[in-house]
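Participant: This is the structure I want to talk about, given as structure tokens.
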Amino acid sequence: MSEVIVFFFAAAIILVGAVGVVVARNPVHSALFLVQTLFGVAIIFLIQDANFLAAVQIMVYAGAIVILFLFVIMLLGVDSAEELDVDPIAGQRPLAVVLGAALLGVGLTVVLVAAKGITGARATAGGEHALDNGLSDVERIGRVLFTEYVFAFEATAALLTIAVIGAVVLTRRAAAADMLPDREPASFELPPLAPAIDEEEEH
Amino acid sequence: MLAALVQAGGSFSRPSVDWHAASPELILLGVGVLITVIDVVWKQRARSLVVGLSSVGLLAALVPVVTLAVDGTPRSMFGGAFVVDDYALIMKAIFLLSAYVVVLMSTNYIAEGDYWENEYYSMLLTSVLGMLLMTSARDLISIFVALELLSIPAYMLATWRKRDLKSNEAGLKYYLMGVFASAIMLYGMSLLYGSAGTTLLTGINKAVSATDKPTAVVTLGVVFVLIGFAFKVSAVPFHTWAPDTYEGAPTPVTAFLSVASKAAGFVGLMNILFVGLIGRSDVYQPLIWILAAASMIVGNTVALRQTNIVRMLAYSSIAHAGYMLAPLAVVSADVVFAGGGSVVVADQALRATVTYLAIYAAANLGAFAVVIAVARKIRTAEIDGYQGLFRYAPGLTVLMTIFLFSLAGIPPLGGWFGKFRVLEALISPGTAWGSTLALLVVVNSVVALYYYGRVAVKMWVEEVPDGDMTPVRVPVSLAAALGLTAVATLAFGVGPGLIGHFTEVSLLAGIGG
């Protein structure tokens, strides 16, 4: 019973957040509503005993990815609310309503048709891959990560390191004299990342 | 608390690691880390050291490849996810040698431009590390990680001429298209994993060829995975990034992309195709047929109209991707009778593609080395700039002619043997589709001769437009790159048994088929 209560609670959080993302006029508010939705999904994962997924959901999605969104929004201008009166692509909104309704219809059909098949029980078949064999999911992921997939795991470490080095090299400007490549032209200027927004704000 | 966790962990047994089998990768990783550390300590003062170190590292990694080949026993680790067999070893050798030639080509180019040198070589080595992993990867996760490991440094290398807008465009286009293709491929892989319940390719093969196979999901998975690799090997219609990226990237990087990166795409594709999906030839054969035919036709036709030699070589490399894809379009587990004995169609196709890759690598790297050498004097990559090259640089002209005619497939240069193996693999199964594709290969080779020949005519026959007869000065390392590739191109053509001996490989042993 408590599971049902928590489920409806989480579902409410998700849906309010999802509607908020679309309805909010300020993009920062949209991003914050997105955090709320992702947090609700993490609760659903917890009900399903997927502790690891829940933690990753909060750290990676709610933490890192939405923060990245916020960075971009800040760079483009926090106060530039969306102009909702003009439709940039003609017919976009009616089309969105139709497609949204179609998607909802398909989803509901699948759930209703398959309703008999959904029991809520955990899979017990499948040997060590069964969901109900007594090991916690964190322990299980840890095990495969350091046995079957250890080589790919270590290669990922090299991948992330080199990605960071490359990103730094490509974005930095030479600071100290001994780090300069041979002939850095004095006049070289990077174009600004985003158009300046200061003047517009004053109007 | 830690003690409690260790206690709870209970029976964890360390996976056994065959250090000999993994040593090429480990050596390369070690040298890459060393270069990064040296860079942090001595910064740009260590530049000359770093060039030498990366060359030595690449050649040192070749040593265990040779000892493993002499040993000859196939090795397997991590439940079959990492396999070292003859096929993996020959491809590792091709990657290491190509990368060595690229380092030779880069030495002066990178040192004389305003580029970050130490990081350039760590990027290059990491990309090669990804390629080595790809040759041995036999499960979806390893293949994906290897693909990203070889692609991400390549995206950054393409944009290494930071102050040049074309180079920025090259890197950005390559990156965006690459990430998009990776996402599609990952979706396909997740569908294959979903229908098989395992990431191991052997397990996927069992699941997708079972009688009650889940058809729609598998088909969608195969299509998406193929699209991802089609991007990597720049097959039409997923080739649009290639000409712009090749033109804008630093020329040694272009050579690296058009040879090593393309070969790595083929290796990944062949691993998945031969080990994981061979039971579903009904799905992938028509798709690869279309990709191969379209790449040959579009690549060659558009190459006819190019005025820039790098763009011409880019379209020619798209056409070559078509020739190399062609044998894969007839892959199946059937057995045919050819050359006095029976041979499995799949093995024959694999050998054809591997042989073609090796020969194409030598000729294409050589052609780019000549482009770099000539650009040191004429400062342009326009084909018109090659007018009268023979009058002031006869050596380079002869070499360029050798490389271009090898790409065109004219005996006694290497290219003919590659084309011969491709045609043999296409015709011997005796299917109408295979023969049609063989016909397309022949017709396209004739078309290609026109644009390769046009460059040769400009070099040999026409006069120097501005009368500037000062010779081209070729630095030692670039000359070494030219010499190595020229010797390889000639040797493959004169003694095809040489390469034919090394490419007698098979991927089917792993699945017991």
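Following the order of the structure tokens, first chain is A, next is B, and so on, with residues numbered from 1 inside each chain and ligands from 1 in the order they appear.
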Can you tell me, as a VMD selection string, what residues are no more than 12 Å from Gly79 of chain B when counting only C-alpha atoms, ignoring any on the same chain fewer than 5 positions away?

Facilitator: (chain A and resid 144 147 to 151) or (chain B and resid 15 to 17 137 to 139 198 to 203)

Participant: Residues of chain B that approach chain A to 8 Å or less, counting only C-alpha atoms: could you list each one with the shortest pair of atoms and its distance in Å to one decimal, rows by chain and increasing residue number, as a tab-separated table?

Facilitator:
```
residue	atom	partner	partner_atom	distance
B:Gly9	CA	A:Glu139	CA	7.6
B:Phe12	CA	A:Arg143	CA	7.7
B:Arg14	CA	A:Thr147	CA	6.9
B:Pro15	CA	A:Thr147	CA	5.3
B:Lys43	CA	A:Met179	CA	6.4
B:Gln44	CA	A:Met179	CA	6.0
B:Arg45	CA	A:Asp178	CA	7.9
B:Phe78	CA	A:Glu148	CA	5.0
B:Gly79	CA	A:Glu148	CA	6.5
B:Ala81	CA	A:Glu148	CA	7.6
B:Glu112	CA	A:Asp182	CA	7.9
B:Gly113	CA	A:Asp182	CA	7.7
B:Asp114	CA	A:Pro181	CA	5.5
B:Tyr115	CA	A:Pro181	CA	6.1
B:Trp116	CA	A:Pro181	CA	6.1
B:Glu119	CA	A:Gly166	CA	7.4
B:Ser122	CA	A:Ile162	CA	7.9
B:Met123	CA	A:Ile162	CA	6.8
B:Thr126	CA	A:Ile162	CA	7.4
B:Ile141	CA	A:Ala152	CA	6.9
B:Ser142	CA	A:Ala152	CA	5.2
B:Val145	CA	A:Ala152	CA	6.2
B:Ala146	CA	A:Ala155	CA	7.5
B:Glu148	CA	A:Leu159	CA	7.5
B:Leu149	CA	A:Leu159	CA	5.3
B:Ile152	CA	A:Ala163	CA	6.7
B:Pro153	CA	A:Ala163	CA	6.9
B:Met156	CA	A:Gly166	CA	6.4
B:Trp160	CA	A:Leu170	CA	7.5
B:Lys162	CA	A:Leu170	CA	7.0
B:Arg163	CA	A:Phe188	CA	8.0
```

Participant: Please run DSSP on the backbone and report, as number ranges by chain, all residues within segment 137-344 of chain B that come out as helix (DSSP H, G or I).

Facilitator: B: 140-158, 165-196, 201-209, 215-232, 241-248, 251-276, 278-303, 309-330

Participant: Might you pull out every residue within 12 Å of Val442 of chain B, with only C-alpha atoms counted and same-chain residues fewer than 5 positions away left off, and present them as a count of residues only?

Facilitator: 19

Participant: Between B:Asn444, B:Thr215, B:Ser106, B:Thr67, which has the minimum distance to Ala294 of chain B (counting only C-alpha atoms)?

Facilitator: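 Answer, going by the shortest atom-to-atom distance: B:Asn444.
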
Participant: Between B:Ala21, B:Val33, B:Met185, B:Ala196, single out the one closest to Leu132 of chain B, counting only C-alpha atoms.

Facilitator: B:Ala21

Participant: Just how far from atom CA of Ser281 of chain B is atom CA of Ala329 of chain B, in Å to one decimal?

Facilitator: 8.7 Å

Participant: Mind pulling up the distance from atom CA of Val259 of chain B to atom CA of Ala369 of chain B?

Facilitator: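 Taking atom CA of Ala369 of chain B as the start and atom CA of Val259 of chain B as the end point, the length is 12.5 Å.
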
Participant: Write down as a list in words the residues belonging to segment 96-335 of chain B that are assigned strand (DSSP E or B) by DSSP computed on the backbone.

Facilitator: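 Matching residues, listed in order: Ala137, Asp139, Leu200, Asn308 and Val335 of chain B.
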
Participant: May I have the residues from that selection written out with all heavy atoms, as a compact mmCIF listing (two decimals), in the first residue's frame?

Facilitator:
```
# COMPACT_ATOMS: atom_id res chain seq x y z
N ALA B 137 37.94 -6.08 -29.97
CA ALA B 137 36.66 -5.97 -29.27
C ALA B 137 35.65 -6.93 -29.86
O ALA B 137 35.40 -6.93 -31.06
CB ALA B 137 36.15 -4.53 -29.36
N ASP B 139 32.57 -7.45 -28.02
CA ASP B 139 31.24 -7.24 -27.44
C ASP B 139 30.86 -5.78 -27.65
O ASP B 139 31.72 -4.93 -27.94
CB ASP B 139 31.17 -7.67 -25.97
CG ASP B 139 31.66 -6.60 -25.01
OD1 ASP B 139 32.56 -5.84 -25.40
OD2 ASP B 139 31.16 -6.55 -23.89
N LEU B 200 27.79 -9.74 -25.57
CA LEU B 200 28.80 -10.50 -26.32
C LEU B 200 28.30 -10.80 -27.72
O LEU B 200 27.16 -11.24 -27.91
CB LEU B 200 29.09 -11.82 -25.61
CG LEU B 200 30.00 -11.74 -24.39
CD1 LEU B 200 30.16 -13.11 -23.78
CD2 LEU B 200 31.36 -11.18 -24.79
N ASN B 308 40.41 20.82 -56.26
CA ASN B 308 41.34 20.79 -55.14
C ASN B 308 41.76 19.35 -54.92
O ASN B 308 40.91 18.45 -54.85
CB ASN B 308 40.62 21.34 -53.90
CG ASN B 308 41.50 21.37 -52.68
OD1 ASN B 308 42.12 20.38 -52.33
ND2 ASN B 308 41.56 22.52 -52.03
N VAL B 335 29.42 -22.11 -48.13
CA VAL B 335 30.72 -22.57 -48.61
C VAL B 335 30.69 -22.63 -50.13
O VAL B 335 29.71 -23.06 -50.72
CB VAL B 335 31.04 -23.97 -48.05
CG1 VAL B 335 32.35 -24.48 -48.61
CG2 VAL B 335 31.09 -23.92 -46.54
```

Participant: If we count only C-alpha atoms, what is near Leu46 of chain A at a cut-off of 12 Å, once residues fewer than 6 positions away on the same chain are taken out, given as a list in words?

Facilitator: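 Near neighbours after the sequence-gap exclusion: Glu3, Val6, Phe7, Ala10, Phe39, Gly40, Phe52, Leu53, Ala54, Ala55, Val56, Gln57, Ile58 and Asp137 of chain A.
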
Participant: Write out, as a CSV table (one decimal), in the first residue's frame, the residues just selected, with N, CA and C atoms.

Facilitator:
```
chain,number,residue,atom,x,y,z
A,3,GLU,N,3.7,1.6,-1.2
A,3,GLU,CA,4.3,1.7,-2.5
A,3,GLU,C,3.4,2.5,-3.4
A,6,VAL,N,3.5,6.2,-2.4
A,6,VAL,CA,4.7,6.9,-2.9
A,6,VAL,C,4.6,7.0,-4.4
A,7,PHE,N,4.1,6.0,-5.1
A,7,PHE,CA,4.0,6.1,-6.6
A,7,PHE,C,3.2,7.3,-7.0
A,10,ALA,N,5.1,10.5,-6.4
A,10,ALA,CA,6.1,10.7,-7.4
A,10,ALA,C,5.5,11.1,-8.7
A,39,PHE,N,13.8,14.4,-10.7
A,39,PHE,CA,13.8,14.0,-9.3
A,39,PHE,C,12.7,13.0,-9.0
A,40,GLY,N,11.5,13.3,-9.6
A,40,GLY,CA,10.4,12.4,-9.5
A,40,GLY,C,10.7,11.0,-10.1
A,52,PHE,N,20.9,2.3,-7.6
A,52,PHE,CA,22.0,2.8,-8.3
A,52,PHE,C,21.5,3.8,-9.4
A,53,LEU,N,20.4,3.3,-10.1
A,53,LEU,CA,19.8,4.2,-11.2
A,53,LEU,C,19.3,5.5,-10.6
A,54,ALA,N,18.7,5.4,-9.4
A,54,ALA,CA,18.1,6.6,-8.7
A,54,ALA,C,19.3,7.6,-8.4
A,55,ALA,N,20.4,7.1,-7.9
A,55,ALA,CA,21.5,8.0,-7.6
A,55,ALA,C,22.1,8.6,-8.8
A,56,VAL,N,22.2,7.8,-9.9
A,56,VAL,CA,22.8,8.3,-11.1
A,56,VAL,C,21.9,9.3,-11.7
A,57,GLN,N,20.6,9.0,-11.7
A,57,GLN,CA,19.6,9.9,-12.2
A,57,GLN,C,19.7,11.3,-11.6
A,58,ILE,N,19.9,11.3,-10.3
A,58,ILE,CA,20.0,12.6,-9.6
A,58,ILE,C,21.3,13.3,-9.9
A,137,ASP,N,21.6,-4.0,-6.5
A,137,ASP,CA,22.0,-3.6,-7.9
A,137,ASP,C,23.4,-3.0,-7.9
```

Participant: A:Ala62, A:Ile89, A:Leu75, A:Ala50: which is nearest Gln36 of chain A, counting only C-alpha atoms?

Facilitator: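 Of A:Ala62, A:Ile89, A:Leu75, A:Ala50, the one nearest Gln36 of chain A, counting only C-alpha atoms, is A:Ala62.
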
Participant: What is the atom CA of Val98 of chain A-atom CA of Val19 of chain A distance in Å, reported with one decimal?

Facilitator: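 Calculated distance between atom CA of Val98 of chain A and atom CA of Val19 of chain A is 17.0 Å.
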
Participant: Nearest to Ile43 of chain A: which of A:Ala102, A:Val86, A:Leu68, A:Ala12 is it, counting only C-alpha atoms?

Facilitator: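 Once distances to Ile43 of chain A are computed over only C-alpha atoms, the minimum belongs to A:Ala12.
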
Participant: Can you pull out the residues contacting Ile67 of chain A? Cut-off 10 Å, using only C-alpha atoms, and skip same-chain residues under 5 positions away; I want them as a list of chain:residue names.

Facilitator: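 The filter keeps A:Ala31, A:Leu32, A:Val35, A:Val60, A:Tyr61, A:Ala62, A:Val72, A:Ile73.
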
Participant: Tell me which protein, DNA and RNA residues are within 12 Å of segment 469-473 of chain B, counting only C-alpha atoms, leaving out same-chain ones fewer than 2 positions away, and put them as a ChimeraX atom specification.

Facilitator: /B:108,370-379,387-397,463-467,475-479

Participant: Selected residues, C-alpha atoms, written as a CSV table (one decimal), in the first residue's frame, please.

Facilitator:
```csv
chain,number,residue,atom,x,y,z
B,108,ASN,CA,57.7,19.1,-39.8
B,370,VAL,CA,53.3,14.0,-51.7
B,371,VAL,CA,50.6,16.6,-51.2
B,372,ILE,CA,52.3,17.8,-48.0
B,373,ALA,CA,55.7,17.9,-49.7
B,374,VAL,CA,54.5,19.8,-52.7
B,375,ALA,CA,52.4,22.2,-50.6
B,376,ARG,CA,55.7,23.3,-48.9
B,377,LYS,CA,56.6,25.0,-52.1
B,378,ILE,CA,53.4,25.9,-54.0
B,379,ARG,CA,51.4,26.7,-50.8
B,387,GLN,CA,51.3,21.9,-63.5
B,388,GLY,CA,54.8,21.0,-64.6
B,389,LEU,CA,55.7,19.4,-61.4
B,390,PHE,CA,58.0,17.0,-63.3
B,391,ARG,CA,60.2,19.9,-64.4
B,392,TYR,CA,61.3,20.8,-60.9
B,393,ALA,CA,60.5,17.8,-58.7
B,394,PRO,CA,60.8,14.7,-60.8
B,395,GLY,CA,61.1,12.4,-57.8
B,396,LEU,CA,57.9,13.6,-56.2
B,397,THR,CA,56.2,13.3,-59.6
B,463,GLU,CA,54.5,23.6,-68.4
B,464,VAL,CA,55.2,25.4,-65.1
B,465,PRO,CA,52.8,28.3,-65.2
B,466,ASP,CA,55.1,30.9,-63.4
B,467,GLY,CA,58.4,29.5,-64.5
B,475,PRO,CA,62.6,17.1,-44.9
B,476,VAL,CA,64.1,13.8,-43.8
B,477,SER,CA,61.1,12.5,-41.9
B,478,LEU,CA,58.7,13.3,-44.8
B,479,ALA,CA,61.1,11.6,-47.2
```
